[in-house]
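S.K.: Data: final-v7.pdb, PDB, C-alpha atoms, pLDDT in the B column.
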ATOM      1  CA  MET A 280     -17.448  84.297  -1.489  1.00 52.00           C
ATOM      2  CA  ALA A 281     -20.463  85.671  -3.328  1.00 67.00           C
ATOM      3  CA  GLN A 282     -20.455  85.593  -7.103  1.00 86.00           C
ATOM      4  CA  LEU A 283     -21.071  88.663  -9.250  1.00 89.00           C
ATOM      5  CA  LYS A 284     -24.123  88.779 -11.477  1.00 92.00           C
ATOM      6  CA  ILE A 285     -24.419  91.623 -13.995  1.00 92.00           C
ATOM      7  CA  THR A 286     -27.767  92.178 -15.714  1.00 93.00           C
ATOM      8  CA  VAL A 287     -27.888  94.696 -18.560  1.00 91.00           C
ATOM      9  CA  THR A 288     -30.919  96.495 -19.975  1.00 94.00           C
ATOM     10  CA  LEU A 289     -30.911  99.160 -22.687  1.00 93.00           C
ATOM     11  CA  LEU A 290     -33.545 101.765 -21.814  1.00 93.00           C
ATOM     12  CA  ASN A 291     -34.057 103.771 -24.987  1.00 90.00           C
ATOM     13  CA  LYS A 292     -34.366 103.233 -28.727  1.00 89.00           C
ATOM     14  CA  ASP A 293     -30.971 104.628 -29.698  1.00 90.00           C
ATOM     15  CA  LYS A 294     -29.289 102.450 -27.043  1.00 90.00           C
ATOM     16  CA  SER A 295     -27.463 105.400 -25.480  1.00 92.00           C
ATOM     17  CA  LEU A 296     -28.991 104.806 -22.024  1.00 95.00           C
ATOM     18  CA  GLY A 297     -28.236 101.587 -20.176  1.00 95.00           C
ATOM     19  CA  LEU A 298     -29.013 100.046 -16.819  1.00 96.00           C
ATOM     20  CA  ILE A 299     -26.632  97.617 -15.138  1.00 95.00           C
ATOM     21  CA  ALA A 300     -28.013  95.750 -12.134  1.00 96.00           C
ATOM     22  CA  LEU A 301     -25.268  94.308  -9.945  1.00 94.00           C
ATOM     23  CA  GLU A 302     -25.823  91.425  -7.566  1.00 93.00           C
ATOM     24  CA  GLY A 303     -23.241  89.942  -5.230  1.00 90.00           C
ATOM     25  CA  ASP A 304     -19.580  90.737  -4.681  1.00 89.00           C
ATOM     26  CA  VAL A 305     -17.632  93.344  -6.670  1.00 89.00           C
ATOM     27  CA  GLY A 306     -14.503  92.821  -4.585  1.00 81.00           C
ATOM     28  CA  SER A 307     -10.933  92.357  -5.732  1.00 82.00           C
ATOM     29  CA  GLN A 308     -11.696  89.006  -7.387  1.00 83.00           C
ATOM     30  CA  ARG A 309     -14.500  90.505  -9.512  1.00 87.00           C
ATOM     31  CA  VAL A 310     -13.415  94.090 -10.159  1.00 88.00           C
ATOM     32  CA  GLN A 311     -11.970  93.255 -13.606  1.00 89.00           C
ATOM     33  CA  GLU A 312     -15.271  91.696 -14.660  1.00 90.00           C
ATOM     34  CA  PHE A 313     -17.071  94.852 -13.529  1.00 91.00           C
ATOM     35  CA  GLN A 314     -14.534  97.069 -15.344  1.00 91.00           C
ATOM     36  CA  LYS A 315     -14.857  95.077 -18.585  1.00 91.00           C
ATOM     37  CA  SER A 316     -18.641  95.384 -18.466  1.00 91.00           C
ATOM     38  CA  LEU A 317     -18.457  99.162 -18.097  1.00 92.00           C
ATOM     39  CA  ASP A 318     -15.850  99.466 -20.861  1.00 92.00           C
ATOM     40  CA  ALA A 319     -17.928  97.287 -23.209  1.00 92.00           C
ATOM     41  CA  HIS A 320     -21.006  99.474 -22.771  1.00 92.00           C
ATOM     42  CA  LEU A 321     -19.060 102.605 -23.577  1.00 92.00           C
ATOM     43  CA  GLU A 322     -17.556 100.964 -26.671  1.00 93.00           C
ATOM     44  CA  GLN A 323     -21.049  99.906 -27.812  1.00 93.00           C
ATOM     45  CA  GLY A 324     -22.305 103.490 -27.754  1.00 93.00           C
ATOM     46  CA  VAL A 325     -23.941 103.667 -24.343  1.00 94.00           C
ATOM     47  CA  LYS A 326     -23.285 107.233 -23.148  1.00 94.00           C
ATOM     48  CA  TYR A 327     -25.456 107.274 -20.057  1.00 95.00           C
ATOM     49  CA  LEU A 328     -25.255 104.424 -17.583  1.00 95.00           C
ATOM     50  CA  ILE A 329     -27.299 103.754 -14.465  1.00 96.00           C
ATOM     51  CA  ILE A 330     -25.768 101.273 -12.037  1.00 96.00           C
ATOM     52  CA  ASP A 331     -28.287  99.633  -9.699  1.00 96.00           C
ATOM     53  CA  MET A 332     -26.434  98.663  -6.517  1.00 94.00           C
ATOM     54  CA  GLU A 333     -29.380  97.403  -4.459  1.00 94.00           C
ATOM     55  CA  LYS A 334     -28.130  93.804  -4.286  1.00 94.00           C
ATOM     56  CA  ILE A 335     -24.416  94.500  -3.786  1.00 91.00           C
ATOM     57  CA  VAL A 336     -22.713  92.594  -0.978  1.00 85.00           C
ATOM     58  CA  TYR A 337     -19.231  94.124  -1.255  1.00 84.00           C
ATOM     59  CA  PHE A 338     -17.959  96.959  -3.444  1.00 84.00           C
ATOM     60  CA  ASN A 339     -15.048  98.934  -1.932  1.00 73.00           C
ATOM     61  CA  THR A 340     -12.297  97.683  -4.244  1.00 79.00           C
ATOM     62  CA  ALA A 341     -14.371  98.639  -7.293  1.00 87.00           C
ATOM     63  CA  LEU A 342     -14.477 102.341  -6.411  1.00 88.00           C
ATOM     64  CA  GLY A 343     -11.421 103.068  -8.562  1.00 88.00           C
ATOM     65  CA  ALA A 344     -13.008 101.402 -11.587  1.00 88.00           C
ATOM     66  CA  LEU A 345     -16.210 103.342 -10.984  1.00 90.00           C
ATOM     67  CA  VAL A 346     -14.417 106.713 -10.852  1.00 91.00           C
ATOM     68  CA  LYS A 347     -12.308 105.867 -13.925  1.00 91.00           C
ATOM     69  CA  ASN A 348     -15.399 104.970 -15.914  1.00 92.00           C
ATOM     70  CA  ALA A 349     -17.330 107.999 -14.695  1.00 93.00           C
ATOM     71  CA  ASN A 350     -14.592 110.117 -16.267  1.00 93.00           C
ATOM     72  CA  ASP A 351     -14.622 108.024 -19.460  1.00 94.00           C
ATOM     73  CA  PHE A 352     -18.404 108.351 -19.817  1.00 94.00           C
ATOM     74  CA  ARG A 353     -18.204 112.096 -19.146  1.00 93.00           C
ATOM     75  CA  MET A 354     -15.498 112.510 -21.798  1.00 93.00           C
ATOM     76  CA  ALA A 355     -17.814 110.695 -24.250  1.00 92.00           C
ATOM     77  CA  GLY A 356     -20.530 113.276 -23.539  1.00 92.00           C
ATOM     78  CA  GLY A 357     -22.492 111.173 -21.055  1.00 93.00           C
ATOM     79  CA  GLY A 358     -22.330 110.131 -17.431  1.00 94.00           C
ATOM     80  CA  ILE A 359     -23.047 107.562 -14.735  1.00 95.00           C
ATOM     81  CA  ALA A 360     -25.757 107.562 -12.062  1.00 95.00           C
ATOM     82  CA  LEU A 361     -25.887 105.245  -9.069  1.00 95.00           C
ATOM     83  CA  LEU A 362     -29.226 103.768  -8.060  1.00 96.00           C
ATOM     84  CA  ASN A 363     -30.138 102.190  -4.704  1.00 95.00           C
ATOM     85  CA  VAL A 364     -26.708 102.662  -3.124  1.00 92.00           C
ATOM     86  CA  PRO A 365     -26.421 100.681   0.133  1.00 91.00           C
ATOM     87  CA  SER A 366     -25.910 102.972   3.130  1.00 89.00           C
ATOM     88  CA  LYS A 367     -22.429 101.628   3.933  1.00 88.00           C
ATOM     89  CA  ILE A 368     -21.232 102.343   0.390  1.00 88.00           C
ATOM     90  CA  ASN A 369     -22.913 105.751   0.389  1.00 88.00           C
ATOM     91  CA  ILE A 370     -21.000 106.696   3.555  1.00 89.00           C
ATOM     92  CA  VAL A 371     -17.709 105.860   1.818  1.00 87.00           C
ATOM     93  CA  LEU A 372     -18.721 107.834  -1.288  1.00 88.00           C
ATOM     94  CA  ASP A 373     -19.553 110.845   0.882  1.00 89.00           C
ATOM     95  CA  MET A 374     -16.384 110.612   2.989  1.00 91.00           C
ATOM     96  CA  LEU A 375     -14.180 110.468  -0.101  1.00 89.00           C
ATOM     97  CA  ASP A 376     -16.214 113.128  -1.953  1.00 90.00           C
ATOM     98  CA  LEU A 377     -16.676 110.700  -4.855  1.00 87.00           C
ATOM     99  CA  ASP A 378     -20.226 111.803  -5.591  1.00 82.00           C
ATOM    100  CA  ARG A 379     -18.734 114.641  -7.669  1.00 86.00           C
ATOM    101  CA  PHE A 380     -17.947 112.053 -10.372  1.00 89.00           C
ATOM    102  CA  PHE A 381     -21.500 110.757 -10.807  1.00 87.00           C
ATOM    103  CA  ALA A 382     -25.084 111.245  -9.751  1.00 85.00           C
ATOM    104  CA  ALA A 383     -24.963 109.318  -6.503  1.00 78.00           C
ATOM    105  CA  ASN A 384     -27.657 107.528  -4.576  1.00 79.00           C
ATOM    106  CA  CYS A 385     -30.682 108.038  -6.776  1.00 92.00           C
ATOM    107  CA  LYS A 386     -33.656 106.425  -5.044  1.00 92.00           C
ATOM    108  CA  ASP A 387     -35.590 105.398  -8.168  1.00 94.00           C
ATOM    109  CA  LEU A 388     -35.042 104.901 -11.888  1.00 94.00           C
ATOM    110  CA  ALA A 389     -36.825 108.122 -12.887  1.00 93.00           C
ATOM    111  CA  THR A 390     -34.532 110.175 -10.626  1.00 92.00           C
ATOM    112  CA  ALA A 391     -31.454 108.496 -12.101  1.00 94.00           C
ATOM    113  CA  ILE A 392     -32.616 109.154 -15.662  1.00 94.00           C
ATOM    114  CA  ASN A 393     -33.395 112.796 -14.825  1.00 92.00           C
ATOM    115  CA  ALA A 394     -29.915 113.186 -13.293  1.00 91.00           C
ATOM    116  CA  LEU A 395     -28.270 112.007 -16.512  1.00 91.00           C
ATOM    117  CA  LEU A 396     -30.315 113.168 -19.449  1.00 86.00           C
ATOM    118  CA  PRO A 397     -31.026 116.712 -20.518  1.00 65.00           C
ATOM    119  CA  GLU A 398     -34.747 117.358 -21.026  1.00 46.00           C
ATOM    120  CA  ALA A 399     -34.422 117.434 -24.830  1.00 36.00           C
ATOM    121  CA  THR A 400     -33.103 113.863 -25.111  1.00 49.00           C
ATOM    122  CA  LYS A 401     -35.683 112.082 -22.939  1.00 46.00           C
ATOM    123  CA  GLU A 402     -38.187 109.756 -24.521  1.00 48.00           C
TER
END
Take the structure in this file and express it as structure tokens.

M.R.:
Amino acid sequence: MAQLKITVTLLNKDKSLGLIALEGDVGSQRVQEFQKSLDAHLEQGVKYLIIDMEKIVYFNTALGALVKNANDFRMAGGGIALLNVPSKINIVLDMLDLDRFFAANCKDLATAINALLPEATKE
């Protein structure tokens, strides 16, 4: 079973915009680790979160955590964008109409940032 590696980068000076790069398996054995990482960012003042999924091997069981956190970030005045979504995961997101909870399948970082931030708050 693949391990889960989570790499975090804060993208602006006020630390309200973060990037999480996921690598490996976010299956049932790792979903709590993923959930805790998302919760921690929200608690630390990150309002806008971009999740890079380019190196994900498995993700289906983490969809619930993703939707829950998308709502939490929205309630805090922010949101979540998904970057580099693998085609198999994108199909599931489309079938379940989950892309209404977040900016889904952004192809590059600039697109993800533009999907999240109003023009006035960009740096």

S.K.: For A:Lys367, find every residue with an atom within 10 Å (counting only C-alpha atoms), except residues of its own chain fewer than 6 positions away, and show them as a PyMOL selection string.

M.R.: chain A and resi 337-339

S.K.: Given the file shown, determine the residues that the PyMOL selection byres ((chain A and resi 393-395) around 7) selects; report them as a PyMOL selection string.

M.R.: chain A and resi 327+358+360+382+389-392+396-397

S.K.: Take the PyMOL selection byres ((chain A and resi 364-366) around 10), run it mentally on this structure, and tell me the resulting residues as a PyMOL selection string.

M.R.: chain A and resi 330-338+361-363+367-372+383-386

S.K.: My list of candidates is A:Asn291, A:Gly297, A:Ala341, A:Asn348. Which is closest to A:Leu317 when distances are computed with all atoms listed in the file?

M.R.: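 Counting all atoms listed in the file, the residue closest to A:Leu317 is A:Asn348.
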
S.K.: Would you work out the distance separating atom CA of A:Met374 from atom CA of A:Val346, expressed in Å to one decimal?

M.R.: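 Between atom CA of A:Met374 and atom CA of A:Val346 the gap works out to 14.5 Å.
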
S.K.: Record the distance separating atom CA of A:Val287 and atom CA of A:Lys315, expressed in Å with one decimal.

M.R.: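 Going from atom CA of A:Val287 over to atom CA of A:Lys315 covers 13.0 Å.
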
S.K.: Counting only C-alpha atoms, which residues sit no farther than 10 Å from the position (-24.7, 88.4, -11.4) in the file's frame? I'd like them as a PyMOL selection string.

M.R.: chain A and resi 281-286+300-305+334-335

S.K.: For atom CA of A:Ala344 and atom CA of A:Phe381, quote the distance in Å rounded to one decimal.

M.R.: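 We find that atom CA of A:Ala344 and atom CA of A:Phe381 lie 12.7 Å from each other.
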
S.K.: Tell me which protein, DNA and RNA residues are within 12 Å of A:Glu322, counting all atoms listed in the file, leaving out same-chain ones fewer than 4 positions away, and put them as a compact mmCIF listing (two decimals) with C-alpha atoms, in the coordinates of the input.

M.R.:
# COMPACT_ATOMS: atom_id res chain seq x y z
CA LYS A 294 -29.29 102.45 -27.04
CA SER A 295 -27.46 105.40 -25.48
CA LYS A 315 -14.86 95.08 -18.58
CA SER A 316 -18.64 95.38 -18.47
CA LEU A 317 -18.46 99.16 -18.10
CA ASP A 318 -15.85 99.47 -20.86
CA LYS A 326 -23.28 107.23 -23.15
CA ASN A 348 -15.40 104.97 -15.91
CA ASP A 351 -14.62 108.02 -19.46
CA PHE A 352 -18.40 108.35 -19.82
CA ALA A 355 -17.81 110.70 -24.25

S.K.: Measuring between all atoms listed in the file, which one of A:Lys292, A:Arg309, A:His320, A:Arg353 shows the shortest distance to A:Arg379?

M.R.: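 Selected residue with least distance to A:Arg379: A:Arg353.
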
S.K.: A:Asp373, A:Gly306, A:Ile299, A:Asp378: which is nearest A:Ala319, counting all atoms listed in the file?

M.R.: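 Using all atoms listed in the file, the shortest distance to A:Ala319 belongs to A:Ile299.
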